[in-house]
Protein chains: 2
Amino acid sequence: MYEGALTDLDVVELRKLIHNREVSAADLVQQCLSRIEETQESTNAFVAISAEWGLQQAQACDMQAVNGQFAGPLHGIPVAVKDNYYTADFPTTACSEVHKGKPNGTDSTVVSKLRAAGAVIIGKTNMHEWAYGATNEVSSFGKARNPWNNDHITGGSSGGSGAALAARMVPAALGSDTGGSVRIPSAACGVCGLKPTFGRVSRAGILPLSWTLDTAGPMARSARDLGLLLEVMSGEDPRDPTTRGISPYSQVERLGHRVRIAVLRSDELACDSAVAAANEEALKILEGDGAMINEVSIPGLSTGFGAWKTILHSEAATYHARFLSECPEKYSDNVRVQIEAGRCLSAPSYLKAQQYRTLLNQKIGAILERHDMIAMPTLPVTAPRIGEHMLKVNGSSITSQDAMTSIAWIANSCGLPAVSIPCGRDDAGLPIGLMLVGAAFLESQIIAVADRFQKLTKWHEMKPV
Amino acid sequence: MYEGALTDLDVVELRKLIHNREVSAADLVQQCLSRIEETQESTNAFVAISAEWGLQQAQACDMQAVNGQFAGPLHGIPVAVKDNYYTADFPTTACSEVHKGKPNGTDSTVVSKLRAAGAVIIGKTNMHEWAYGATNEVSSFGKARNPWNNDHITGGSSGGSGAALAARMVPAALGSDTGGSVRIPSAACGVCGLKPTFGRVSRAGILPLSWTLDTAGPMARSARDLGLLLEVMSGEDPRDPTTRGISPYSQVERLGHRVRIAVLRSDELACDSAVAAANEEALKILEGDGAMINEVSIPGLSTGFGAWKTILHSEAATYHARFLSECPEKYSDNVRVQIEAGRCLSAPSYLKAQQYRTLLNQKIGAILERHDMIAMPTLPVTAPRIGEHMLKVNGSSITSQDAMTSIAWIANSCGLPAVSIPCGRDDAGLPIGLMLVGAAFLESQIIAVADRFQKLTKWHEMKPV
């Protein structure tokens, strides 16, 4: 039997141990539950959890394993689910008061797929109310706190999933991403997150924010785990007509040629110096490993950011119109103000924003014809302090909400896959993220490069004390 | 040589005569030019024409024919083009002052395809300014007049094409259709028109009105001609990414089974008694010929009509924003007021309208799973008098604009193909149209039934005296 701490291992390692019956699912879940007991109060990562039910699921997995039966690649692996994915065994509220106390729904498509692959759904994680914000300071269950420093935000909206991974409470979690909500907390908490190509993973059974931008993605502690999880999560789904049955994603693979990485340079994407330095260093490591690094610029990113916001607010206001008229008191001021702003946007503004989106996507598409991926920092800063709503980045003032999304939105606007992985820490010890944006449906390429980086640097193994 | 009047023949007959060299293209064009000379003043059907250039093109066709060379199925056939299709040899203004005096553009994709098939582009036809209205009373070239009675409107927006066909000025014409603009003047002028499936025919090089509703379609004097023209016009086009390369349309064909026609009954679609009676009679004729007739209803059509208008005005206001700010004085009041209304629509209204559109399309899709097509009148009335802006239909008041589009919009909302053919006349002698709406990309089925109806009744051969 394996003697080390299971909570430090990634899914790929755990899978091997469970399949070789060196580790039982019950032991793994028990160790996770102990970590949750130790760190839940300081992080507020979970909003619903059942130790008993988690252990029951794990014991059922172990019974199957005794008979040599393994449900799939996630057999016995505990997974934490963001609170906007419907689950049959936990309430689903998107951390809003609106759905509190309502009966549980049936599983979202992704949760069904995870269960079919053997996953143990251990609980629901904290998130920014309705996923409508990137700080996770606003939640009907209270703010999430960063395991690296509890005075700092986790980033959001999938902040609970980021905190749960960083604090070694679970090896895998689900997030959703409309303008960075998987990648922002991944960077801020020093873990790994993947926003898949639009159309790769079904959104059926996930409470929406903005349906032309929303994607569902995995979060984990290694790039290779993201590949494993994506393979389980993805596929065409009649319940989500935007999904496409494009050639199935297959496990992390090496590129067949020297990887060509475009590095995005833009005055419109100012970063603080620690973030810039860690990203430069990461690219040097990849270059030293044989990658071709080439600087590119994309004019019009500020307008594109505005267009992304117009689309987000217009679609969110449309979705929330009924709830907001029925129970305005159940919305936080933070979210309600945004919805009310969205109601005032004009139809031509929305349509112009969609047109601008197309134009920008063509520019980025042209870069991806000559490169395998585009590298940029996930965030321009490390996790801000809780309550610090205005930041200075390179001398300019920016809200923490805008700072969190100021780079990540690009992949949502374009529908492209993007991975965020840890690549350093700032002077205060807070994690820094590197983002790789790939061509549509080529998740395998960005994951391969991220995986290679993790073999060279081990930044992903760092953990809060 | 053929001795009859060529201007009474349809394209299928003319093609045969030209290919057998019983008729020369020059004779045909000359006869058309004579009809244009006789009827242009009373109808105002054309806004640009060149007799000399028309004859030159025809003579070139005849030279090829002498050598046994025929460019394609439209070799030597004169075609009139709506003034919103770009043409290399005529100005393109959409009958607005905004583009007047600007240089000619290059051919729209459809015009290129017609020329490649041998068509002689004889001139540009009148239309409602910017295609933004269904009466053709508003045009920078003056209103179009109905050849059946010059005190009545042609319907629109492709009113000039409808008038040119009814007055025997040309055997074929192009229209565009956002809420009935091909079918409305076809019904009002007693000719045939086809709105193809969204995605069947390229819109590249056609001035847009509302890009999620716009389609380009043929107008002619027989259903079989619509099939021939559609075959030439359709196909995937990289210049219009909405086009799809679905199995090529092939010539008018008989259905392989007893045709199942759903007849739409709805209190929301009130018609005057002459229109209702002619449509009933048409369905009896088809039933007598073996068709299965089955009444259906579609709840929510009024809301759907509102949603169609919201989409139209939102998209049109987006497209016109720049021109309207640059030169508001070049817009008619009629069009400017609509654009200004569109600017005030909210983004959530637009998005709700698109959502309602999806719901309605599902209902209509369910009907088309059990039937081959849905029959309904093209218009609830015959062509109103010029200047008669409020009508009474079945006791209710309605604007002439709303009356024209009140049924036809359904096919645009659903992206489905629809054909309008003549099926009678009212007491004043004005033509009445029957509309058949088919399943996506099954134009061949509705054209086959329309063609069969025309073999049984000859209503399409009626002409104004």
# chains A, B, ... in the order shown; residues from 1 in each chain; ligands from 1
>>> interface_residues(of="chain A", to="chain B", cutoff="8 Å", atoms="only C-alpha atoms", output="VMD selection string")
chain A and resid 314 to 315 317 to 318 342 to 352
>>> residues_around(residues="region 409-416 of chain A", least_positions_apart="4", cutoff="9 Å", atoms="only C-alpha atoms", output="number ranges by chain")
A: 177-180, 195-199, 212-215, 301, 304-305, 307-309, 357-358, 360-362, 364-365, 405, 437-443
>>> closest_residue(among="A:Ser273, A:Ser42, A:Thr87, A:Ser444", to="Ala167 (chain A)", atoms="only C-alpha atoms")
A:Ser42
>>> select_by_dssp(residues="region 128-309 of chain B", states="alpha helix (DSSP H)", output="VMD selection string")
chain B and resid 159 to 166 183 to 189 223 to 233 273 to 288 301 to 309
>>> write_last_selection(atoms="N, CA and C atoms", output="short mmCIF file (atom, residue, chain, number, x, y, z; two decimals), in the first residue's frame")
data_model
loop_
_atom_site.label_atom_id
_atom_site.label_comp_id
_atom_site.auth_asym_id
_atom_site.auth_seq_id
_atom_site.Cartn_x
_atom_site.Cartn_y
_atom_site.Cartn_z
N GLY B 159 -41.01 45.29 -55.46
CA GLY B 159 -42.18 45.66 -56.25
C GLY B 159 -41.88 45.84 -57.72
N GLY B 160 -40.72 46.38 -58.05
CA GLY B 160 -40.38 46.56 -59.46
C GLY B 160 -40.24 45.23 -60.18
N SER B 161 -39.66 44.24 -59.51
CA SER B 161 -39.52 42.92 -60.12
C SER B 161 -40.89 42.28 -60.34
N GLY B 162 -41.79 42.45 -59.36
CA GLY B 162 -43.15 41.92 -59.51
C GLY B 162 -43.88 42.57 -60.67
N ALA B 163 -43.78 43.90 -60.76
CA ALA B 163 -44.46 44.63 -61.84
C ALA B 163 -43.86 44.26 -63.19
N ALA B 164 -42.54 44.13 -63.27
CA ALA B 164 -41.89 43.82 -64.55
C ALA B 164 -42.33 42.46 -65.08
N LEU B 165 -42.51 41.50 -64.17
CA LEU B 165 -42.95 40.17 -64.59
C LEU B 165 -44.43 40.19 -65.01
N ALA B 166 -45.27 40.86 -64.20
CA ALA B 166 -46.70 40.89 -64.50
C ALA B 166 -46.95 41.60 -65.83
N ARG B 183 -42.21 37.37 -51.99
CA ARG B 183 -43.54 36.74 -52.13
C ARG B 183 -44.68 37.75 -52.14
N ILE B 184 -44.51 38.86 -51.41
CA ILE B 184 -45.58 39.86 -51.33
C ILE B 184 -45.86 40.47 -52.71
N PRO B 185 -44.85 41.01 -53.42
CA PRO B 185 -45.14 41.54 -54.75
C PRO B 185 -45.51 40.44 -55.75
N SER B 186 -45.02 39.21 -55.52
CA SER B 186 -45.42 38.11 -56.40
C SER B 186 -46.93 37.89 -56.27
N ALA B 187 -47.43 37.86 -55.05
CA ALA B 187 -48.87 37.66 -54.84
C ALA B 187 -49.66 38.86 -55.34
N ALA B 188 -49.19 40.05 -55.01
CA ALA B 188 -49.94 41.26 -55.35
C ALA B 188 -49.98 41.50 -56.85
N CYS B 189 -48.96 41.04 -57.58
CA CYS B 189 -48.88 41.26 -59.03
C CYS B 189 -49.23 40.01 -59.82
N ALA B 223 -43.81 28.15 -61.66
CA ALA B 223 -43.10 27.50 -60.55
C ALA B 223 -41.87 26.78 -61.09
N ARG B 224 -42.00 26.17 -62.25
CA ARG B 224 -40.84 25.42 -62.77
C ARG B 224 -39.67 26.35 -63.07
N ASP B 225 -39.97 27.60 -63.47
CA ASP B 225 -38.89 28.57 -63.67
C ASP B 225 -38.16 28.87 -62.36
N LEU B 226 -38.92 28.92 -61.26
CA LEU B 226 -38.28 29.19 -59.96
C LEU B 226 -37.25 28.11 -59.66
N GLY B 227 -37.60 26.85 -59.98
CA GLY B 227 -36.67 25.75 -59.77
C GLY B 227 -35.41 25.91 -60.60
N LEU B 228 -35.60 26.26 -61.86
CA LEU B 228 -34.46 26.44 -62.78
C LEU B 228 -33.57 27.58 -62.28
N LEU B 229 -34.18 28.70 -61.90
CA LEU B 229 -33.40 29.85 -61.44
C LEU B 229 -32.68 29.55 -60.13
N LEU B 230 -33.40 28.86 -59.22
CA LEU B 230 -32.79 28.55 -57.93
C LEU B 230 -31.54 27.70 -58.12
N GLU B 231 -31.64 26.75 -59.04
CA GLU B 231 -30.50 25.87 -59.29
C GLU B 231 -29.26 26.68 -59.69
N VAL B 232 -29.48 27.71 -60.51
CA VAL B 232 -28.36 28.57 -60.94
C VAL B 232 -27.85 29.42 -59.78
N MET B 233 -28.78 29.93 -58.95
CA MET B 233 -28.43 30.91 -57.91
C MET B 233 -27.78 30.31 -56.68
N SER B 273 -62.48 37.82 -47.45
CA SER B 273 -63.22 36.64 -47.91
C SER B 273 -62.76 36.16 -49.29
N ALA B 274 -62.41 37.08 -50.19
CA ALA B 274 -61.99 36.65 -51.54
C ALA B 274 -60.69 35.84 -51.45
N VAL B 275 -59.76 36.30 -50.60
CA VAL B 275 -58.49 35.59 -50.43
C VAL B 275 -58.74 34.21 -49.84
N ALA B 276 -59.59 34.16 -48.79
CA ALA B 276 -59.87 32.88 -48.14
C ALA B 276 -60.52 31.92 -49.13
N ALA B 277 -61.48 32.42 -49.92
CA ALA B 277 -62.20 31.55 -50.85
C ALA B 277 -61.26 31.00 -51.93
N ALA B 278 -60.40 31.85 -52.48
CA ALA B 278 -59.48 31.39 -53.53
C ALA B 278 -58.51 30.36 -52.98
N ASN B 279 -58.05 30.56 -51.74
CA ASN B 279 -57.14 29.60 -51.13
C ASN B 279 -57.83 28.26 -50.86
N GLU B 280 -59.09 28.32 -50.37
CA GLU B 280 -59.86 27.09 -50.15
C GLU B 280 -59.99 26.30 -51.45
N GLU B 281 -60.32 27.03 -52.50
CA GLU B 281 -60.52 26.42 -53.81
C GLU B 281 -59.22 25.75 -54.29
N ALA B 282 -58.11 26.44 -54.08
CA ALA B 282 -56.81 25.90 -54.50
C ALA B 282 -56.53 24.59 -53.77
N LEU B 283 -56.82 24.57 -52.46
CA LEU B 283 -56.55 23.34 -51.69
C LEU B 283 -57.48 22.22 -52.13
N LYS B 284 -58.72 22.56 -52.51
CA LYS B 284 -59.65 21.52 -53.01
C LYS B 284 -59.11 20.90 -54.29
N ILE B 285 -58.53 21.76 -55.12
CA ILE B 285 -57.97 21.25 -56.38
C ILE B 285 -56.81 20.29 -56.08
N LEU B 286 -55.96 20.67 -55.14
CA LEU B 286 -54.83 19.79 -54.79
C LEU B 286 -55.33 18.51 -54.13
N GLU B 287 -56.38 18.63 -53.31
CA GLU B 287 -56.93 17.44 -52.66
C GLU B 287 -57.53 16.51 -53.72
N GLY B 288 -58.24 17.10 -54.67
CA GLY B 288 -58.81 16.32 -55.77
C GLY B 288 -57.72 15.61 -56.58
N LEU B 301 -48.63 33.10 -32.76
CA LEU B 301 -48.15 33.77 -33.97
C LEU B 301 -48.04 35.29 -33.79
N SER B 302 -48.95 35.90 -33.01
CA SER B 302 -48.86 37.36 -32.83
C SER B 302 -47.55 37.73 -32.13
N THR B 303 -47.20 36.96 -31.10
CA THR B 303 -45.94 37.22 -30.41
C THR B 303 -44.76 37.00 -31.36
N GLY B 304 -44.89 35.98 -32.19
CA GLY B 304 -43.84 35.71 -33.17
C GLY B 304 -43.67 36.84 -34.17
N PHE B 305 -44.79 37.43 -34.57
CA PHE B 305 -44.75 38.57 -35.50
C PHE B 305 -44.02 39.74 -34.82
N GLY B 306 -44.33 39.96 -33.54
CA GLY B 306 -43.63 41.00 -32.78
C GLY B 306 -42.15 40.72 -32.66
N ALA B 307 -41.81 39.46 -32.43
CA ALA B 307 -40.39 39.08 -32.30
C ALA B 307 -39.67 39.31 -33.63
N TRP B 308 -40.33 38.95 -34.73
CA TRP B 308 -39.74 39.17 -36.07
C TRP B 308 -39.46 40.66 -36.27
N LYS B 309 -40.41 41.51 -35.89
CA LYS B 309 -40.21 42.96 -36.05
C LYS B 309 -39.05 43.45 -35.18
#
>>> atom_distance(atom1="CA of Ala26 (chain B)", atom2="CA of Ala144 (chain B)")
27.4 Å
>>> residues_around(residues="Val120 (chain A)", least_positions_apart="6", cutoff="7 Å", atoms="only C-alpha atoms", output="ChimeraX atom specification")
/A:54,57-58,76-79
>>> write_last_selection(atoms="C-alpha atoms", output="compact mmCIF listing (two decimals), in the first residue's frame")
# COMPACT_ATOMS: atom_id res chain seq x y z
CA GLY A 54 -18.67 10.90 -0.01
CA GLN A 57 -19.64 6.53 -2.85
CA ALA A 58 -15.96 5.72 -2.22
CA GLY A 76 -12.85 6.60 -6.83
CA ILE A 77 -11.46 10.11 -7.50
CA PRO A 78 -13.12 12.82 -5.38
CA VAL A 79 -14.28 15.80 -7.43
